[in-house]
$ cat protein15.cif   # mmCIF, C-alpha atoms and all ligand atoms
data_target
loop_
_atom_site.label_atom_id
_atom_site.label_comp_id
_atom_site.auth_asym_id
_atom_site.auth_seq_id
_atom_site.Cartn_x
_atom_site.Cartn_y
_atom_site.Cartn_z
CA MET A 1 -12.61 -0.05 10.67
CA PRO A 2 -11.45 3.45 9.81
CA ALA A 3 -14.07 4.75 7.36
CA ALA A 4 -13.95 8.48 7.97
CA GLY A 5 -11.81 9.49 5.00
CA ARG A 6 -12.94 12.08 2.50
CA GLY A 7 -11.78 10.17 -0.57
CA GLU A 8 -10.12 13.18 -2.12
CA ARG A 9 -7.95 11.14 -4.45
CA LEU A 10 -11.02 9.23 -5.65
CA GLY A 11 -13.05 12.40 -6.15
CA GLY A 12 -16.79 12.41 -6.72
CA GLY A 13 -17.89 14.41 -3.67
CA THR A 14 -19.36 11.59 -1.57
CA PRO A 15 -17.15 10.30 1.29
CA LYS A 16 -15.35 7.27 -0.11
CA ALA A 17 -16.80 4.70 2.29
CA LEU A 18 -20.29 5.57 1.06
CA ARG A 19 -19.47 5.48 -2.64
CA ALA A 20 -21.45 2.78 -4.42
CA LEU A 21 -19.61 -0.30 -5.59
CA GLY A 22 -21.61 -2.90 -7.45
CA GLY A 23 -24.81 -1.36 -6.11
CA LYS A 24 -23.84 -1.21 -2.43
CA PRO A 25 -21.88 1.34 -0.43
CA MET A 26 -18.22 0.34 -0.32
CA LEU A 27 -18.38 0.29 3.48
CA VAL A 28 -21.15 -2.31 3.45
CA ARG A 29 -18.98 -4.60 1.32
CA SER A 30 -16.00 -4.10 3.63
CA ILE A 31 -18.10 -4.89 6.68
CA GLU A 32 -19.41 -8.06 5.03
CA ALA A 33 -15.88 -9.46 4.88
CA LEU A 34 -15.64 -9.00 8.65
CA ARG A 35 -19.08 -10.46 9.30
CA ARG A 36 -18.25 -13.50 7.22
CA SER A 37 -14.96 -14.14 8.95
CA GLU A 38 -14.89 -16.71 11.72
CA SER A 39 -12.78 -14.64 14.08
CA VAL A 40 -14.45 -11.24 14.34
CA THR A 41 -16.68 -10.83 17.40
CA GLN A 42 -17.14 -7.06 17.51
CA ILE A 43 -17.01 -4.38 14.81
CA VAL A 44 -16.35 -0.71 15.49
CA VAL A 45 -16.52 1.75 12.59
CA ALA A 46 -15.08 5.28 12.60
CA ALA A 47 -17.44 7.20 10.32
CA PRO A 48 -17.28 10.71 8.90
CA PRO A 49 -18.35 12.85 11.89
CA THR A 50 -21.41 14.33 10.17
CA LEU A 51 -22.63 10.91 9.02
CA VAL A 52 -22.49 8.84 12.19
CA GLU A 53 -26.27 8.33 12.33
CA VAL A 54 -26.52 7.57 8.61
CA VAL A 55 -23.76 4.98 8.84
CA ALA A 56 -25.22 3.45 12.02
CA GLN A 57 -28.57 2.96 10.30
CA LEU A 58 -26.90 1.56 7.21
CA LEU A 59 -24.86 -1.03 9.08
CA GLY A 60 -27.32 -2.16 11.72
CA ARG A 61 -27.16 -2.78 15.43
CA ASP A 62 -24.30 -5.27 15.49
CA VAL A 63 -21.84 -2.53 14.46
CA ARG A 64 -20.75 0.25 16.84
CA VAL A 65 -20.32 3.51 14.93
CA ILE A 66 -18.29 6.40 16.31
CA ALA A 67 -17.11 9.70 14.85
CA GLY A 68 -13.74 9.49 13.12
CA GLY A 69 -11.02 12.11 13.31
CA ALA A 70 -9.12 14.40 10.97
CA GLU A 71 -6.52 11.80 9.97
CA ARG A 72 -6.65 8.01 9.72
CA VAL A 73 -4.55 7.71 12.87
CA ASP A 74 -7.10 9.85 14.76
CA SER A 75 -9.97 7.67 13.55
CA VAL A 76 -8.24 4.47 14.65
CA ARG A 77 -7.32 5.98 18.02
CA ARG A 78 -10.96 6.90 18.64
CA ALA A 79 -12.23 3.51 17.51
CA LEU A 80 -9.81 1.75 19.86
CA ARG A 81 -11.45 3.53 22.79
CA ALA A 82 -14.85 2.11 21.79
CA ILE A 83 -13.84 -1.57 21.83
CA ASP A 84 -15.27 -3.80 24.55
CA ASP A 85 -12.96 -4.51 27.49
CA ASP A 86 -12.87 -8.27 26.93
CA ILE A 87 -11.42 -8.05 23.41
CA SER A 88 -7.75 -9.08 23.38
CA VAL A 89 -6.94 -9.07 19.66
CA VAL A 90 -7.69 -6.07 17.43
CA LEU A 91 -7.74 -6.01 13.63
CA VAL A 92 -7.58 -2.62 11.92
CA HIS A 93 -9.10 -2.79 8.45
CA ASP A 94 -9.59 -0.02 5.88
CA ALA A 95 -13.14 0.55 4.68
CA ALA A 96 -11.41 1.30 1.39
CA ARG A 97 -10.56 -2.39 0.80
CA PRO A 98 -14.03 -3.68 -0.06
CA LEU A 99 -13.06 -6.91 -1.83
CA THR A 100 -10.92 -8.30 0.97
CA PRO A 101 -11.56 -12.05 1.31
CA PRO A 102 -12.80 -13.17 4.76
CA SER A 103 -10.09 -15.82 4.65
CA LEU A 104 -7.47 -13.05 4.86
CA VAL A 105 -9.20 -11.60 7.92
CA ASP A 106 -9.08 -15.02 9.55
CA ALA A 107 -5.46 -15.62 8.57
CA VAL A 108 -4.36 -12.37 10.22
CA ALA A 109 -6.37 -13.10 13.37
CA ALA A 110 -5.03 -16.66 13.55
CA ALA A 111 -1.44 -15.45 13.32
CA VAL A 112 -1.97 -13.05 16.24
CA LEU A 113 -3.72 -15.75 18.26
CA ALA A 114 -0.76 -18.04 17.52
CA GLY A 115 1.47 -15.65 19.45
CA HIS A 116 2.64 -12.94 17.04
CA PRO A 117 2.04 -9.54 18.64
CA ALA A 118 1.61 -7.73 15.31
CA VAL A 119 0.72 -9.21 11.92
CA ILE A 120 0.38 -7.57 8.50
CA PRO A 121 -0.61 -8.99 5.10
CA VAL A 122 1.84 -8.12 2.34
CA LEU A 123 2.40 -8.61 -1.37
CA GLY A 124 5.57 -8.44 -3.42
CA LEU A 125 5.98 -5.52 -5.80
CA THR A 126 5.83 -5.63 -9.56
CA ASP A 127 7.21 -2.14 -10.18
CA THR A 128 10.72 -1.02 -9.31
CA VAL A 129 10.68 1.55 -6.49
CA LYS A 130 13.06 4.50 -6.29
CA GLU A 131 13.72 6.98 -3.53
CA VAL A 132 13.56 10.42 -5.10
CA GLY A 133 14.71 13.73 -3.65
CA PRO A 134 12.76 16.99 -3.60
CA ASP A 135 14.61 18.05 -6.78
CA GLY A 136 13.22 15.00 -8.61
CA ARG A 137 16.56 13.22 -8.76
CA VAL A 138 16.83 9.57 -7.85
CA ILE A 139 18.65 9.02 -4.57
CA ARG A 140 18.67 5.22 -4.60
CA THR A 141 16.93 2.09 -5.80
CA PRO A 142 16.16 -0.27 -2.89
CA PRO A 143 16.41 -3.95 -3.85
CA ARG A 144 12.86 -4.89 -4.90
CA ASP A 145 13.02 -8.42 -3.57
CA ARG A 146 13.04 -7.07 -0.01
CA LEU A 147 10.15 -4.61 -0.50
CA ARG A 148 6.50 -5.40 0.16
CA ALA A 149 3.21 -3.58 -0.37
CA VAL A 150 1.25 -3.64 2.87
CA GLN A 151 -2.49 -4.27 3.12
CA THR A 152 -5.08 -4.49 5.84
CA PRO A 153 -6.45 -5.97 8.03
CA GLN A 154 -3.47 -5.52 10.28
CA GLY A 155 -3.78 -7.54 13.49
CA PHE A 156 -2.41 -6.82 16.93
CA ARG A 157 -2.44 -7.88 20.52
CA ARG A 158 -4.64 -5.22 21.99
CA ASP A 159 -2.11 -4.10 24.62
CA VAL A 160 0.53 -3.65 21.92
CA LEU A 161 -1.72 -1.57 19.67
CA ALA A 162 -2.89 0.53 22.62
CA ALA A 163 0.72 1.25 23.58
CA ALA A 164 1.55 2.14 19.97
CA TYR A 165 -1.38 4.53 19.77
CA ALA A 166 -0.33 6.15 23.05
CA LEU A 167 2.83 7.34 21.27
CA GLN A 168 2.59 10.91 20.03
CA ASP A 169 3.85 12.49 16.83
CA ILE A 170 5.24 9.34 15.22
CA PRO A 171 4.97 9.69 11.44
CA ALA A 172 3.40 6.43 10.24
CA THR A 173 1.10 5.65 7.34
CA ASP A 174 -0.11 2.37 8.80
CA ASP A 175 -0.82 0.94 12.25
CA ALA A 176 2.15 -1.42 12.13
CA GLY A 177 4.39 1.60 11.64
CA LEU A 178 3.44 2.80 15.11
CA VAL A 179 4.06 -0.66 16.56
CA GLU A 180 7.50 -0.72 14.90
CA ALA A 181 8.28 2.53 16.73
CA LEU A 182 7.67 0.63 19.97
CA GLY A 183 10.30 -1.92 18.99
CA VAL A 184 7.77 -4.75 18.85
CA PRO A 185 8.36 -7.26 16.02
CA VAL A 186 5.88 -7.16 13.14
CA THR A 187 5.25 -10.42 11.28
CA THR A 188 4.18 -10.60 7.63
CA ILE A 189 1.81 -13.11 6.08
CA PRO A 190 0.79 -13.38 2.41
CA GLY A 191 -1.78 -10.76 1.40
CA ALA A 192 -4.48 -11.10 -1.24
CA GLN A 193 -4.64 -9.30 -4.57
CA GLU A 194 -8.38 -8.67 -4.11
CA ALA A 195 -7.64 -6.76 -0.91
CA PHE A 196 -6.34 -3.78 -2.89
CA LYS A 197 -7.22 -0.32 -1.64
CA VAL A 198 -9.68 1.75 -3.65
CA THR A 199 -7.79 5.05 -3.73
CA GLN A 200 -7.94 6.54 -7.21
CA PRO A 201 -10.61 6.38 -9.94
CA PRO A 202 -9.13 3.39 -11.82
CA ASP A 203 -9.25 1.36 -8.59
CA LEU A 204 -13.03 1.79 -8.48
CA VAL A 205 -13.31 0.73 -12.11
CA LEU A 206 -11.25 -2.37 -11.34
CA ALA A 207 -13.35 -3.22 -8.29
CA GLU A 208 -16.59 -2.79 -10.29
CA ALA A 209 -15.20 -4.96 -13.07
CA LEU A 210 -14.13 -7.71 -10.68
CA LEU A 211 -17.54 -7.80 -9.07
CA ALA A 212 -19.37 -7.72 -12.39
CA ARG A 213 -17.22 -10.27 -14.16
CA CYS A 214 -16.75 -12.83 -11.43
CA ALA A 215 -18.61 -16.02 -12.05
CA PRO A 216 -20.96 -16.56 -9.07
CA GLY A 217 -18.55 -18.96 -7.36
CA ASP A 218 -15.54 -16.73 -7.95
CA ALA A 219 -17.30 -13.66 -6.61
CA ARG A 220 -16.92 -15.11 -3.14
CA ALA A 221 -13.20 -14.63 -3.55
CA ALA A 222 -13.93 -11.04 -4.57
CA GLY A 223 -15.60 -10.43 -1.26
CA ASP A 224 -19.26 -10.76 -2.20
CA PRO A 225 -20.88 -12.87 0.51
CA ARG A 226 -24.10 -13.67 -1.25
CA ALA A 227 -22.59 -14.33 -4.65
CA GLY A 228 -23.59 -17.68 -5.99
CA THR A 229 -27.13 -17.43 -4.72
CA ASP A 230 -28.33 -15.65 -7.82
CA PRO A 231 -26.86 -16.34 -11.26
CA ARG A 232 -27.65 -12.75 -12.32
CA GLY A 233 -25.53 -11.40 -9.50
CA GLY A 234 -28.79 -10.72 -7.70
CA ALA A 235 -27.15 -9.70 -4.44
CA ASP A 236 -25.99 -6.49 -6.06
CA VAL A 237 -29.33 -5.86 -7.75
CA ARG A 238 -31.25 -6.33 -4.51
CA ALA A 239 -28.91 -4.08 -2.59
CA GLY A 240 -29.02 -1.34 -5.19
CA SER A 241 -31.51 0.61 -3.12
CA ASP A 242 -28.91 0.95 -0.33
CA ALA A 243 -26.66 2.92 -2.59
CA ARG A 244 -29.42 4.93 -4.22
CA SER A 245 -30.80 6.04 -0.91
CA LEU A 246 -27.37 7.44 -0.08
CA GLY A 247 -27.22 9.25 -3.39
N1 LIG B 1 -9.51 10.93 8.69
C1 LIG B 1 -9.55 9.72 8.18
C2 LIG B 1 -8.88 9.40 6.97
C3 LIG B 1 -8.97 8.09 6.47
N2 LIG B 1 -9.71 7.18 7.14
C4 LIG B 1 -9.87 5.84 6.58
O1 LIG B 1 -8.63 5.21 6.40
C5 LIG B 1 -8.69 4.30 5.30
C6 LIG B 1 -7.52 4.52 4.36
O2 LIG B 1 -7.53 5.88 3.95
P1 LIG B 1 -7.55 6.37 2.46
O3 LIG B 1 -7.66 5.25 1.52
O4 LIG B 1 -6.40 7.31 2.31
O5 LIG B 1 -8.94 7.15 2.37
P2 LIG B 1 -9.17 8.70 2.32
O6 LIG B 1 -8.51 9.39 3.45
O7 LIG B 1 -10.64 8.81 2.21
O8 LIG B 1 -8.48 9.10 0.92
P3 LIG B 1 -7.92 10.52 0.49
O9 LIG B 1 -6.56 10.62 1.17
O10 LIG B 1 -7.81 10.39 -0.99
O11 LIG B 1 -8.88 11.58 0.91
C7 LIG B 1 -10.03 4.54 4.60
O12 LIG B 1 -10.88 3.47 4.89
C8 LIG B 1 -10.48 5.85 5.19
O13 LIG B 1 -11.90 5.96 5.29
C9 LIG B 1 -10.34 7.50 8.33
O14 LIG B 1 -11.00 6.67 8.93
N3 LIG B 1 -10.23 8.78 8.83
C1 LIG B 2 -2.94 1.37 6.09
C2 LIG B 2 -2.63 1.26 4.62
O1 LIG B 2 -3.78 0.83 3.92
C3 LIG B 2 -1.55 0.19 4.42
O2 LIG B 2 -1.18 0.11 3.11
C4 LIG B 2 -2.17 2.55 3.99
O3 LIG B 2 -0.93 2.95 4.50
C5 LIG B 2 -3.20 3.66 4.15
O4 LIG B 2 -2.75 4.79 3.45
P1 LIG B 2 -3.76 5.98 3.09
O5 LIG B 2 -2.96 6.99 2.35
O6 LIG B 2 -4.29 6.47 4.41
O7 LIG B 2 -4.81 5.36 2.22
#
$ encode --input "protein15.cif" --output "structure tokens"
Amino acid sequence: MPAAGRGERLGGGTPKALRALGGKPMLVRSIEALRRSESVTQIVVAAPPTLVEVVAQLLGRDVRVIAGGAERVDSVRRALRAIDDDISVVLVHDAARPLTPPSLVDAVAAAVLAGHPAVIPVLGLTDTVKEVGPDGRVIRTPPRDRLRAVQTPQGFRRDVLAAAYALQDIPATDDAGLVEALGVPVTTIPGAQEAFKVTQPPDLVLAEALLARCAPGDARAAGDPRAGTDPRGGADVRAGSDARSLG
């Protein structure tokens, strides 16, 4: 789990993974989706380098925490080196997708285990997308029905992801982009709307609203593992101290 970003587009000063969401650090919510999945056996987190100890204490002993790098790709590369030798399937999941349903984690893992070397969750687009030149003029309008927005977790055969990360200087904004550069086929599966990435301030408002407004049963779908145990949304109230202690 790359979690070492600064969250510059979100603002607010605190590294994004430690920003509170419904009374808990965003990272804690993202980790819960992995813990609740049936397929994840080891979790490695790439944390902001100055906060490795803080994050390790926050997450507990079952999570290995290492120092992330300057860019997302550097953080993932470092985390890959910290995975146990016997792991054969690796999921890379943004800490910035805190409402990801565990069922999506399992669906990605299952597709890799079924024989696909690289699997990504995707959603269709609702906006039209245009390619625009540096002068602001539209170059072309790709047909929208063939475009997809790509989420995480992205799942890979470990040897494939390791080979992709051994490539140097490939411009890619996601892990599958590196695998594509290897010439390995990447398979898509349906993503989940709740797995959106918290990137800009309105995303945090949306995530807060989803957590606050979900009926207890529905909150499970919004990634809250203990929702439904307390009709007041008690899981968030109890965990409030986590976030406060991080400021
Ligand atoms: N050097 C970095 C940069 C990003 N990430 C992680 O990669 C994921 C996706 O990145 P993004 O949403 O872009 O987060 P930030 O880099 O924090 O955002 P910004 O670009 O606005 O600073 C996040 O979980 C983020 O913590 C990381 O581990 N190491
Ligand atoms: C990996 C990713 O979440 C897939 O959509 C996305 O590309 C990350 O981009 P960011 O700019 O590093 O948030």
$ closest_residue --input "protein15.cif" --among "A:Thr188, A:Gln151, A:Thr41, A:Thr141" --to "Val89 of chain A" --atoms "only C-alpha atoms"
A:Thr41
$ atom_distance --input "protein15.cif" --atom1 "atom O1 of ligand LIG 1 (chain B)" --atom2 "atom CA of Val150 of chain A"
13.7 Å
$ residues_near_point --input "protein15.cif" --point "(-12.7, 5.1, -4.7)" --cutoff "7 Å" --atoms "all atoms listed in the file" --output "PyMOL selection string"
chain A and resi 7+10+16+198-201+203-204
$ closest_residue --input "protein15.cif" --among "A:Lys24, A:Arg146, A:Arg213, A:Arg78" --to "ligand LIG 1 (chain B)" --atoms "all atoms listed in the file"
A:Arg78
$ residues_near_ligand --input "protein15.cif" --ligand "ligand LIG 1 (chain B)" --cutoff "6 Å" --atoms "all atoms listed in the file" --output "PyMOL selection string"
chain A and resi 2-10+16-17+46+68-72+75+94-96+199
$ closest_atom_pairs --input "protein15.cif" --of "segment 3-115 of chain A" --to "segment 173-186 of chain A" --cutoff "12 Å" --atoms "all atoms listed in the file" --output "tab-separated table"
residue	atom	partner	partner_atom	distance
A:Glu71	CA	A:Thr173	CA	10.1
A:Arg72	CA	A:Thr173	CA	8.4
A:Val73	CA	A:Asp175	CA	7.8
A:Asp74	CA	A:Asp175	CA	11.2
A:Ser75	CA	A:Asp175	CA	11.4
A:Val76	CA	A:Asp175	CA	8.6
A:Arg77	CA	A:Asp175	CA	10.0
A:Leu80	CA	A:Asp175	CA	11.8
A:Val90	CA	A:Asp175	CA	11.1
A:Leu91	CA	A:Asp175	CA	9.9
A:Val92	CA	A:Asp175	CA	7.6
A:His93	CA	A:Asp175	CA	9.8
A:Asp94	CA	A:Asp174	CA	10.2
A:Val108	CA	A:Val186	CA	11.9
A:Ala111	CA	A:Val186	CA	11.1
A:Val112	CA	A:Val186	CA	10.3
A:Gly115	CA	A:Pro185	CA	11.4
$ residues_near_point --input "protein15.cif" --point "(-24.0, -3.3, 12.4)" --cutoff "12 Å" --atoms "all atoms listed in the file" --output "JSON, numbers by chain"
{"A": [1, 27, 28, 30, 31, 32, 34, 35, 41, 42, 43, 44, 45, 53, 54, 55, 56, 57, 58, 59, 60, 61, 62, 63, 64, 65, 66]}
$ closest_residue --input "protein15.cif" --among "A:His116, A:Arg148, A:Pro101, A:Phe156" --to "ligand LIG 2 (chain B)" --atoms "all atoms listed in the file"
A:Arg148
$ closest_residue --input "protein15.cif" --among "A:Ile120, A:Ile189, A:Leu147, A:Ala209" --to "ligand LIG 2 (chain B)" --atoms "all atoms listed in the file"
A:Ile120
$ atom_distance --input "protein15.cif" --atom1 "atom CA of Leu161 of chain A" --atom2 "atom CA of Asp106 of chain A"
18.4 Å
$ atom_distance --input "protein15.cif" --atom1 "atom CA of Thr152 of chain A" --atom2 "atom O7 of ligand LIG 2 (chain B)"
10.5 Å
$ closest_residue --input "protein15.cif" --among "A:Leu211, A:Pro153, A:Thr14, A:Pro202" --to "ligand LIG 2 (chain B)" --atoms "only C-alpha atoms and all ligand atoms"
A:Pro153
$ closest_residue --input "protein15.cif" --among "A:Ala118, A:Ala109, A:Ala149, A:Met26" --to "ligand LIG 2 (chain B)" --atoms "all atoms listed in the file"
A:Ala149
$ axis_aligned_box --input "protein15.cif" --around "segment 58-73 of chain A" --padding-each-side "4 Å" --output "AutoDock Vina command-line options"
--center_x -15.9 --center_y 4.6 --center_z 12.0 --size_x 30.8 --size_y 27.7 --size_z 17.6
$ decode --input "protein15.cif" --residues "segment 123-138 of chain A" --atoms "N, CA and C atoms" --output "mmCIF file, in the first residue's frame"
data_model
loop_
_atom_site.group_PDB
_atom_site.id
_atom_site.type_symbol
_atom_site.label_atom_id
_atom_site.label_comp_id
_atom_site.auth_asym_id
_atom_site.auth_seq_id
_atom_site.Cartn_x
_atom_site.Cartn_y
_atom_site.Cartn_z
ATOM 1 N N LEU A 123 -13.869 1.586 -14.229
ATOM 2 C CA LEU A 123 -15.241 2.085 -14.381
ATOM 3 C C LEU A 123 -15.341 2.842 -15.698
ATOM 4 N N GLY A 124 -16.516 2.821 -16.292
ATOM 5 C CA GLY A 124 -16.763 3.654 -17.460
ATOM 6 C C GLY A 124 -16.765 5.124 -17.069
ATOM 7 N N LEU A 125 -16.627 5.986 -18.060
ATOM 8 C CA LEU A 125 -16.581 7.427 -17.788
ATOM 9 C C LEU A 125 -17.953 8.050 -17.991
ATOM 10 N N THR A 126 -18.188 9.130 -17.263
ATOM 11 C CA THR A 126 -19.435 9.870 -17.469
ATOM 12 C C THR A 126 -19.180 11.183 -18.192
ATOM 13 N N ASP A 127 -17.960 11.697 -18.099
ATOM 14 C CA ASP A 127 -17.601 12.905 -18.849
ATOM 15 C C ASP A 127 -16.983 12.513 -20.191
ATOM 16 N N THR A 128 -17.110 13.380 -21.167
ATOM 17 C CA THR A 128 -16.344 13.232 -22.404
ATOM 18 C C THR A 128 -14.905 13.656 -22.132
ATOM 19 N N VAL A 129 -13.949 12.935 -22.722
ATOM 20 C CA VAL A 129 -12.528 13.247 -22.504
ATOM 21 C C VAL A 129 -11.933 13.761 -23.812
ATOM 22 N N LYS A 130 -11.155 14.815 -23.714
ATOM 23 C CA LYS A 130 -10.499 15.364 -24.911
ATOM 24 C C LYS A 130 -8.989 15.394 -24.703
ATOM 25 N N GLU A 131 -8.254 15.128 -25.759
ATOM 26 C CA GLU A 131 -6.813 15.365 -25.722
ATOM 27 C C GLU A 131 -6.587 16.811 -26.139
ATOM 28 N N VAL A 132 -5.838 17.526 -25.311
ATOM 29 C CA VAL A 132 -5.667 18.966 -25.519
ATOM 30 C C VAL A 132 -4.171 19.276 -25.634
ATOM 31 N N GLY A 133 -3.818 20.098 -26.555
ATOM 32 C CA GLY A 133 -2.417 20.478 -26.753
ATOM 33 C C GLY A 133 -1.974 21.541 -25.772
ATOM 34 N N PRO A 134 -0.646 21.816 -25.764
ATOM 35 C CA PRO A 134 -0.112 22.816 -24.835
ATOM 36 C C PRO A 134 -0.705 24.202 -25.057
ATOM 37 N N ASP A 135 -1.225 24.455 -26.273
ATOM 38 C CA ASP A 135 -1.827 25.771 -26.549
ATOM 39 C C ASP A 135 -3.294 25.824 -26.128
ATOM 40 N N GLY A 136 -3.788 24.717 -25.531
ATOM 41 C CA GLY A 136 -5.177 24.713 -25.060
ATOM 42 C C GLY A 136 -6.171 24.272 -26.116
ATOM 43 N N ARG A 137 -5.684 23.987 -27.312
ATOM 44 C CA ARG A 137 -6.610 23.563 -28.377
ATOM 45 C C ARG A 137 -6.843 22.065 -28.332
ATOM 46 N N VAL A 138 -8.061 21.683 -28.634
ATOM 47 C CA VAL A 138 -8.394 20.256 -28.651
ATOM 48 C C VAL A 138 -7.716 19.589 -29.846
#
